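Source file: work-v1.csv. Holds: CSV, C-alpha atoms and all ligand atoms.
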chain,number,residue,atom,x,y,z
A,1,MET,CA,7.4,-14.8,5.6
A,2,ASN,CA,5.6,-11.6,6.8
A,3,ILE,CA,6.6,-8.5,5.0
A,4,ILE,CA,5.6,-4.8,4.9
A,5,LEU,CA,5.6,-2.8,1.7
A,6,LEU,CA,6.5,0.8,2.6
A,7,GLY,CA,6.4,3.8,0.2
A,8,ALA,CA,4.8,7.1,-0.6
A,9,PRO,CA,1.4,7.3,-2.3
A,10,GLY,CA,2.0,6.2,-5.9
A,11,ALA,CA,5.3,4.6,-5.1
A,12,GLY,CA,4.0,1.3,-6.6
A,13,LYS,CA,3.1,-0.7,-3.5
A,14,GLY,CA,-0.1,-2.1,-5.1
A,15,THR,CA,1.6,-2.7,-8.4
A,16,GLN,CA,4.5,-4.7,-6.8
A,17,ALA,CA,2.2,-6.5,-4.4
A,18,SER,CA,0.3,-7.9,-7.3
A,19,LYS,CA,3.5,-9.2,-8.8
A,20,ILE,CA,4.8,-10.6,-5.5
A,21,GLU,CA,1.5,-12.3,-4.8
A,22,GLU,CA,1.6,-14.0,-8.2
A,23,LYS,CA,5.2,-15.2,-8.1
A,24,TYR,CA,5.6,-16.0,-4.4
A,25,LYS,CA,2.0,-16.8,-3.5
A,26,LEU,CA,2.1,-14.4,-0.6
A,27,LEU,CA,-1.2,-13.1,0.7
A,28,HIS,CA,-1.7,-9.3,-0.1
A,29,ILE,CA,-3.4,-7.3,2.6
A,30,SER,CA,-4.0,-3.6,1.7
A,31,THR,CA,-5.7,-1.4,4.3
A,32,GLY,CA,-6.6,1.0,1.5
A,33,ASP,CA,-8.4,-1.8,-0.4
A,34,ILE,CA,-10.2,-2.9,2.8
A,35,PHE,CA,-11.4,0.6,3.4
A,36,ARG,CA,-12.5,1.0,-0.2
A,37,ALA,CA,-14.4,-2.3,-0.1
A,38,ASN,CA,-16.2,-1.0,3.1
A,39,ILE,CA,-17.1,2.3,1.4
A,40,LYS,CA,-18.5,0.4,-1.5
A,41,GLY,CA,-20.5,-1.9,0.8
A,42,GLY,CA,-21.8,1.1,2.8
A,43,THR,CA,-20.6,-0.3,6.2
A,44,GLU,CA,-20.1,1.8,9.3
A,45,ILE,CA,-16.4,1.5,8.9
A,46,GLY,CA,-16.8,2.6,5.3
A,47,LYS,CA,-18.8,5.7,6.3
A,48,LEU,CA,-16.2,6.7,8.8
A,49,ALA,CA,-13.2,6.0,6.5
A,50,LYS,CA,-14.6,7.9,3.6
A,51,SER,CA,-14.4,11.3,5.3
A,52,TYR,CA,-10.7,10.7,6.1
A,53,ILE,CA,-9.7,9.2,2.7
A,54,ASP,CA,-11.4,11.9,0.7
A,55,ALA,CA,-9.5,14.5,2.8
A,56,GLY,CA,-6.2,12.6,2.3
A,57,LYS,CA,-5.8,12.0,6.0
A,58,LEU,CA,-5.2,8.8,8.0
A,59,VAL,CA,-8.2,6.9,9.2
A,60,PRO,CA,-8.0,6.8,13.1
A,61,ASP,CA,-5.4,4.3,14.4
A,62,GLU,CA,-7.8,2.3,16.7
A,63,VAL,CA,-10.1,1.5,13.7
A,64,THR,CA,-7.2,0.6,11.4
A,65,CYS,CA,-5.2,-1.4,13.9
A,66,ASP,CA,-8.3,-3.5,14.9
A,67,ILE,CA,-9.0,-4.3,11.3
A,68,VAL,CA,-5.4,-5.5,10.7
A,69,LYS,CA,-5.2,-7.4,14.0
A,70,ASP,CA,-8.4,-9.3,13.1
A,71,ARG,CA,-7.4,-9.9,9.4
A,72,LEU,CA,-4.1,-11.5,10.5
A,73,THR,CA,-6.1,-14.2,12.5
A,74,TRP,CA,-7.7,-15.5,9.4
A,75,ASN,CA,-6.5,-19.0,8.2
A,76,ASP,CA,-5.1,-17.7,4.9
A,77,ALA,CA,-2.7,-15.4,6.8
A,78,LYS,CA,-1.1,-18.3,8.7
A,79,SER,CA,1.5,-19.1,6.0
A,80,GLY,CA,2.7,-15.5,5.5
A,81,TYR,CA,1.4,-12.2,4.2
A,82,MET,CA,2.5,-8.8,2.9
A,83,LEU,CA,1.0,-5.6,4.4
A,84,ASP,CA,0.5,-2.8,1.9
A,85,GLY,CA,-0.3,0.6,3.5
A,86,PHE,CA,0.0,-0.5,7.0
A,87,PRO,CA,1.6,0.5,9.3
A,88,ARG,CA,1.5,4.2,8.4
A,89,ASN,CA,2.8,5.9,11.5
A,90,LEU,CA,4.8,5.1,14.6
A,91,PHE,CA,1.8,4.1,16.7
A,92,GLN,CA,0.6,1.6,14.2
A,93,ALA,CA,4.1,0.1,13.8
A,94,GLN,CA,4.4,-0.3,17.6
A,95,GLU,CA,0.9,-1.9,17.8
A,96,LEU,CA,1.8,-4.2,14.9
A,97,ASP,CA,4.9,-5.4,16.8
A,98,LYS,CA,2.5,-6.5,19.6
A,99,PHE,CA,0.5,-8.9,17.5
A,100,ALA,CA,2.7,-9.9,14.5
A,101,LYS,CA,6.2,-10.9,13.8
A,102,ILE,CA,7.6,-9.0,10.8
A,103,ASP,CA,10.5,-10.4,8.9
A,104,LEU,CA,11.2,-7.7,6.4
A,105,CYS,CA,10.2,-4.1,5.5
A,106,LEU,CA,10.5,-3.4,1.7
A,107,ASN,CA,10.8,0.3,1.1
A,108,ILE,CA,10.0,1.5,-2.4
A,109,ASP,CA,11.9,4.8,-2.8
A,110,VAL,CA,10.7,7.1,-5.5
A,111,ASP,CA,11.5,10.7,-6.4
A,112,GLU,CA,8.6,12.9,-5.2
A,113,SER,CA,8.5,14.7,-8.6
A,114,LEU,CA,7.2,11.4,-10.2
A,115,LEU,CA,4.3,10.8,-7.8
A,116,MET,CA,1.7,13.3,-8.8
A,117,ASP,CA,1.6,12.1,-12.4
A,118,ARG,CA,1.6,8.5,-11.4
A,119,ILE,CA,-1.3,8.9,-9.1
A,120,CYS,CA,-3.4,11.3,-11.2
A,121,GLY,CA,-2.9,9.1,-14.3
A,122,ARG,CA,-3.8,5.9,-12.4
A,123,ARG,CA,-6.8,3.8,-13.4
A,124,VAL,CA,-7.8,0.9,-11.2
A,125,CYS,CA,-10.0,-2.2,-11.3
A,126,ALA,CA,-12.2,-3.5,-8.6
A,127,CYS,CA,-10.0,-6.7,-8.6
A,128,GLY,CA,-7.1,-4.6,-7.3
A,129,GLU,CA,-5.1,-4.1,-10.5
A,130,SER,CA,-3.6,-0.6,-11.1
A,131,TYR,CA,-2.7,0.8,-14.5
A,132,HIS,CA,-1.4,4.1,-15.8
A,133,ILE,CA,-3.1,6.0,-18.7
A,134,SER,CA,0.3,6.2,-20.5
A,135,THR,CA,0.5,2.5,-21.0
A,136,LEU,CA,-3.2,1.7,-21.4
A,137,ASN,CA,-3.4,2.6,-25.1
A,138,GLY,CA,-6.9,3.7,-24.7
A,139,ALA,CA,-8.1,0.5,-23.0
A,140,THR,CA,-10.9,1.0,-20.5
A,141,THR,CA,-11.1,-2.6,-19.1
A,142,CYS,CA,-8.7,-4.6,-16.9
A,143,ALA,CA,-6.3,-6.9,-18.7
A,144,LYS,CA,-6.5,-9.4,-15.8
A,145,CYS,CA,-10.2,-9.8,-15.2
A,146,GLY,CA,-12.0,-7.7,-17.9
A,147,GLY,CA,-13.5,-5.3,-15.2
A,148,GLU,CA,-14.3,-1.7,-16.0
A,149,LEU,CA,-11.4,0.7,-15.0
A,150,TYR,CA,-12.1,3.8,-13.0
A,151,GLN,CA,-10.3,6.6,-11.2
A,152,ARG,CA,-10.1,6.5,-7.4
A,153,ALA,CA,-11.9,9.4,-5.7
A,154,ASP,CA,-8.8,10.4,-3.8
A,155,ASP,CA,-6.6,10.5,-6.9
A,156,ASN,CA,-7.0,14.3,-7.6
A,157,PRO,CA,-4.2,16.9,-7.2
A,158,GLU,CA,-5.6,18.5,-4.1
A,159,THR,CA,-6.0,15.3,-2.1
A,160,VAL,CA,-2.7,13.9,-3.4
A,161,LYS,CA,-0.9,16.9,-2.0
A,162,THR,CA,-2.3,16.3,1.5
A,163,ARG,CA,-1.6,12.5,1.1
A,164,LEU,CA,2.1,13.3,0.3
A,165,ASP,CA,2.3,15.7,3.3
A,166,THR,CA,0.8,13.0,5.5
A,167,TYR,CA,3.3,10.5,4.2
A,168,LYS,CA,6.3,12.8,4.9
A,169,SER,CA,5.3,13.8,8.4
A,170,GLN,CA,3.8,10.4,9.6
A,171,THR,CA,4.9,7.5,7.5
A,172,ALA,CA,8.5,8.3,6.3
A,173,PRO,CA,9.8,8.1,9.9
A,174,LEU,CA,9.1,4.3,9.7
A,175,ILE,CA,12.1,4.0,7.4
A,176,GLU,CA,14.3,4.7,10.5
A,177,TYR,CA,12.1,2.5,12.7
A,178,TYR,CA,12.6,-0.6,10.6
A,179,LYS,CA,16.2,0.3,9.8
A,180,SER,CA,16.9,0.3,13.6
A,181,GLN,CA,15.3,-3.2,13.8
A,182,GLY,CA,17.6,-4.4,11.0
A,183,LYS,CA,14.6,-5.3,8.8
A,184,LEU,CA,14.7,-2.6,6.2
A,185,LYS,CA,15.6,-3.2,2.5
A,186,SER,CA,15.1,-0.4,0.0
A,187,VAL,CA,14.6,-0.6,-3.8
A,188,LYS,CA,14.8,2.5,-6.0
A,189,SER,CA,11.9,3.1,-8.4
A,190,GLY,CA,12.9,5.9,-10.8
A,191,ALA,CA,11.9,6.4,-14.4
A,192,GLY,CA,12.1,2.6,-14.8
A,193,SER,CA,9.2,0.3,-15.4
A,194,PRO,CA,7.4,-1.8,-12.7
A,195,ASP,CA,9.2,-4.9,-14.1
A,196,GLU,CA,12.6,-3.3,-13.4
A,197,VAL,CA,11.5,-2.6,-9.8
A,198,PHE,CA,10.3,-6.1,-9.5
A,199,VAL,CA,13.7,-7.5,-10.5
A,200,GLN,CA,15.2,-5.6,-7.5
A,201,ILE,CA,12.5,-7.0,-5.2
A,202,CYS,CA,13.0,-10.6,-6.4
A,203,ALA,CA,16.8,-10.3,-5.7
A,204,ILE,CA,15.9,-9.4,-2.1
A,205,LEU,CA,13.2,-12.0,-1.6
A,206,ASP,CA,15.2,-14.8,-3.2
A,207,ARG,CA,18.1,-14.3,-0.8
B,301,LIG,P1,-3.8,3.5,0.0
B,301,LIG,O1,-4.8,2.8,-0.8
B,301,LIG,O2,-2.8,2.7,0.8
B,301,LIG,O3,-3.1,4.6,-0.9
B,301,LIG,P2,-1.6,5.2,-0.9
B,301,LIG,O4,-0.7,4.8,0.2
B,301,LIG,O5,-1.9,6.7,-1.0
B,301,LIG,O6,-0.9,4.5,-2.0
B,301,LIG,P3,-1.5,4.3,-3.5
B,301,LIG,O7,-2.4,3.2,-3.5
B,301,LIG,O8,-2.0,5.6,-4.0
B,301,LIG,O9,-0.1,4.0,-4.3
B,301,LIG,P4,0.7,2.7,-4.5
B,301,LIG,O10,2.0,2.8,-3.9
B,301,LIG,O11,-0.2,1.5,-4.2
B,301,LIG,O12,0.9,2.8,-6.1
B,301,LIG,P5,0.4,2.0,-7.3
B,301,LIG,O13,1.0,0.6,-7.3
B,301,LIG,O14,-1.1,2.0,-7.4
B,301,LIG,O15,-4.5,4.4,1.1
B,301,LIG,C1,-5.6,5.3,0.7
B,301,LIG,C2,-6.1,6.0,1.9
B,301,LIG,O16,-6.7,5.1,2.9
B,301,LIG,C3,-5.1,6.8,2.8
B,301,LIG,O17,-4.9,8.1,2.3
B,301,LIG,C4,-5.8,6.8,4.1
B,301,LIG,O18,-6.8,7.8,4.2
B,301,LIG,C5,-6.5,5.4,4.2
B,301,LIG,N1,-5.6,4.4,4.8
B,301,LIG,C6,-5.0,3.3,4.2
B,301,LIG,N2,-4.2,2.7,5.1
B,301,LIG,C7,-4.3,3.3,6.2
B,301,LIG,C8,-3.6,3.2,7.5
B,301,LIG,N3,-2.8,2.2,7.7
B,301,LIG,N4,-3.9,4.0,8.5
B,301,LIG,C9,-4.8,5.1,8.3
B,301,LIG,N5,-5.4,5.3,7.1
B,301,LIG,C10,-5.1,4.5,6.1
B,301,LIG,O19,1.0,2.8,-8.5
B,301,LIG,C11,0.6,4.2,-8.8
B,301,LIG,C12,0.6,4.5,-10.3
B,301,LIG,O20,1.9,4.4,-10.7
B,301,LIG,C13,-0.2,3.5,-11.1
B,301,LIG,O21,-0.8,4.2,-12.2
B,301,LIG,C14,0.9,2.5,-11.6
B,301,LIG,O22,0.5,1.9,-12.9
B,301,LIG,C15,2.1,3.5,-11.8
B,301,LIG,N6,3.4,2.8,-11.5
B,301,LIG,C16,3.7,1.9,-10.5
B,301,LIG,N7,5.0,1.6,-10.5
B,301,LIG,C17,5.5,2.3,-11.6
B,301,LIG,C18,6.8,2.3,-12.1
B,301,LIG,N8,7.9,1.6,-11.6
B,301,LIG,N9,7.1,3.1,-13.2
B,301,LIG,C19,6.0,3.9,-13.7
B,301,LIG,N10,4.8,3.9,-13.2
B,301,LIG,C20,4.5,3.1,-12.2
B,302,MG,MG,-2.1,1.1,-3.4

So, in terms of structure tokens, how does the structure I just supplied come out?
Amino acid sequence: MNIILLGAPGAGKGTQASKIEEKYKLLHISTGDIFRANIKGGTEIGKLAKSYIDAGKLVPDEVTCDIVKDRLTWNDAKSGYMLDGFPRNLFQAQELDKFAKIDLCLNIDVDESLLMDRICGRRVCACGESYHISTLNGATTCAKCGGELYQRADDNPETVKTRLDTYKSQTAPLIEYYKSQGKLKSVKSGAGSPDEVFVQICAILDR
């Protein structure tokens, strides 16, 4: 099965992807993680992506689409995958339809008022795990791998505001795009915990 995880910045895409990967053994492909790995590695793609990510803007479509198109040809993607953070606008969605067959788009729907706190309180590990300071109890290392936790450079109020605007103008229209294809399923993530959201996702995936 090939699925897309759709949702605003801070909706919980990465958090749920980690749970889905563990339970359903579905490969997790995050364009944000790919860009951050490139930034860390000092590659040309990383240098280009950094200026856009730091500003809360989308990395150019051609670069992003080429990365995903190539990643989906790897052997580990043959038995299914979930895309986190891609597609992010109509152009990317239309391109994706040319090189992939998507079965389901899972939209994580969150009240906007919750997002700023979720993102600015987030601490991440290089292994991909995300935490929130409210549940860390002062811990500074990853419960999964022991790695040091840090704050993403784009997790500051000013950049988050631009990311939310970018989401509203460019990414939210994809909800209609996948609805019109009959592929959209939405889950509500309110004040509930990640586990409560995951229960809703499992009910959809088990069907
Ligand atoms: P990306 O890395 O994709 O970031 P994003 O979309 O802004 O989403 P986040 O990773 O911030 O949020 P999330 O939904 O994964 O939330 P999480 O699970 O961590 O992209 C970063 C940048 O890269 C973009 O701005 C862009 O520049 C570039 N980029 C990436 N893809 C691109 C593309 N396709 N095209 C062009 N450019 C691209 O959770 C957030 C926090 O909330 C955590 O602290 C978590 O613990 C907490 N939390 C999660 N769920 C719950 C819950 N149910 N209740 C309470 N707290 C919760
Ligand atoms: Mg994420």

Q) Got a sec: who's within 10 Å of stretch 49-53 of chain A, counting all atoms listed in the file, leaving out chain neighbours fewer than 4 positions off, as a list in words? A)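 Non-adjacent residues within range: Gly32, Phe35, Arg36, Asn38, Ile39, Lys40, Gly42, Thr43, Glu44, Ile45, Lys57, Leu58, Val59, Pro60, Val63, Thr64, Ala153, Asp154, Thr159 and Arg163 of chain A.
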
Q.
Please determine, counting only C-alpha atoms, which residue among A:Ala100, A:Leu164, A:Leu48, A:Ala191 has the shortest atom-to-atom distance to A:Glu112.
A.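 Under the stated criterion, the closest residue is A:Leu164.
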
Q. Around (-5.6, 4.2, -13.4) in the file's own coordinates, what residues are found within 9 Å if you use all atoms listed in the file, given back as JSON, numbers by chain?
A. {"A": [118, 119, 120, 121, 122, 123, 124, 125, 129, 130, 131, 132, 133, 136, 149, 150, 151, 152]}

Q: Grab the atom CA of A:Gly7 to atom CA of A:Asp206 distance for me, in Å with one decimal place.
A: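 Atom CA of A:Gly7 sits 20.9 Å away from atom CA of A:Asp206.
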
**Q.** Between atom CA of A:Gln92 and atom C12 of ligand LIG 301 (chain B), distance in Å (one decimal)
**A.** 24.7 Å

Q) How would you write, as a VMD selection string, the set of residues no farther than 10 Å from ligand MG 302 (chain B) when counting all atoms listed in the file? A) chain A and resid 7 to 17 30 to 33 84 to 85 119 124 128 to 130

Q: Rank nothing, just name the residue among A:Cys105, A:Lys185, A:Arg71, A:Ser18 nearest to A:Ile34, using all atoms listed in the file.
A: A:Arg71

Q | Separation of atom CA of A:Val199 from atom CA of A:Val187 in Å | A | 9.7 Å

Q: Mind checking which residues fall within 7 Å of A:Val110, counting all atoms listed in the file, ignoring those fewer than 3 positions away in the same chain, and posting them as number ranges by chain?
A: A: 11, 188-190

Q: Would you kindly return, as a ChimeraX atom specification, each protein, DNA or RNA residue with an atom no farther than 9 Å from any atom of stretch 176-178 of chain A, considering all atoms listed in the file and excluding same-chain residues fewer than 5 positions away?
A: /A:90,93,104-105,183-184

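The point (3.0, -11.3, 11.3) has these residues within 10 Å of it, counting only C-alpha atoms: Met1, Asn2, Ile3, Ile4, Lys69, Leu72, Thr73, Ala77, Lys78, Ser79, Gly80, Tyr81, Met82, Leu83, Leu96, Asp97, Lys98, Phe99, Ala100, Lys101, Ile102 and Asp103 of chain A.
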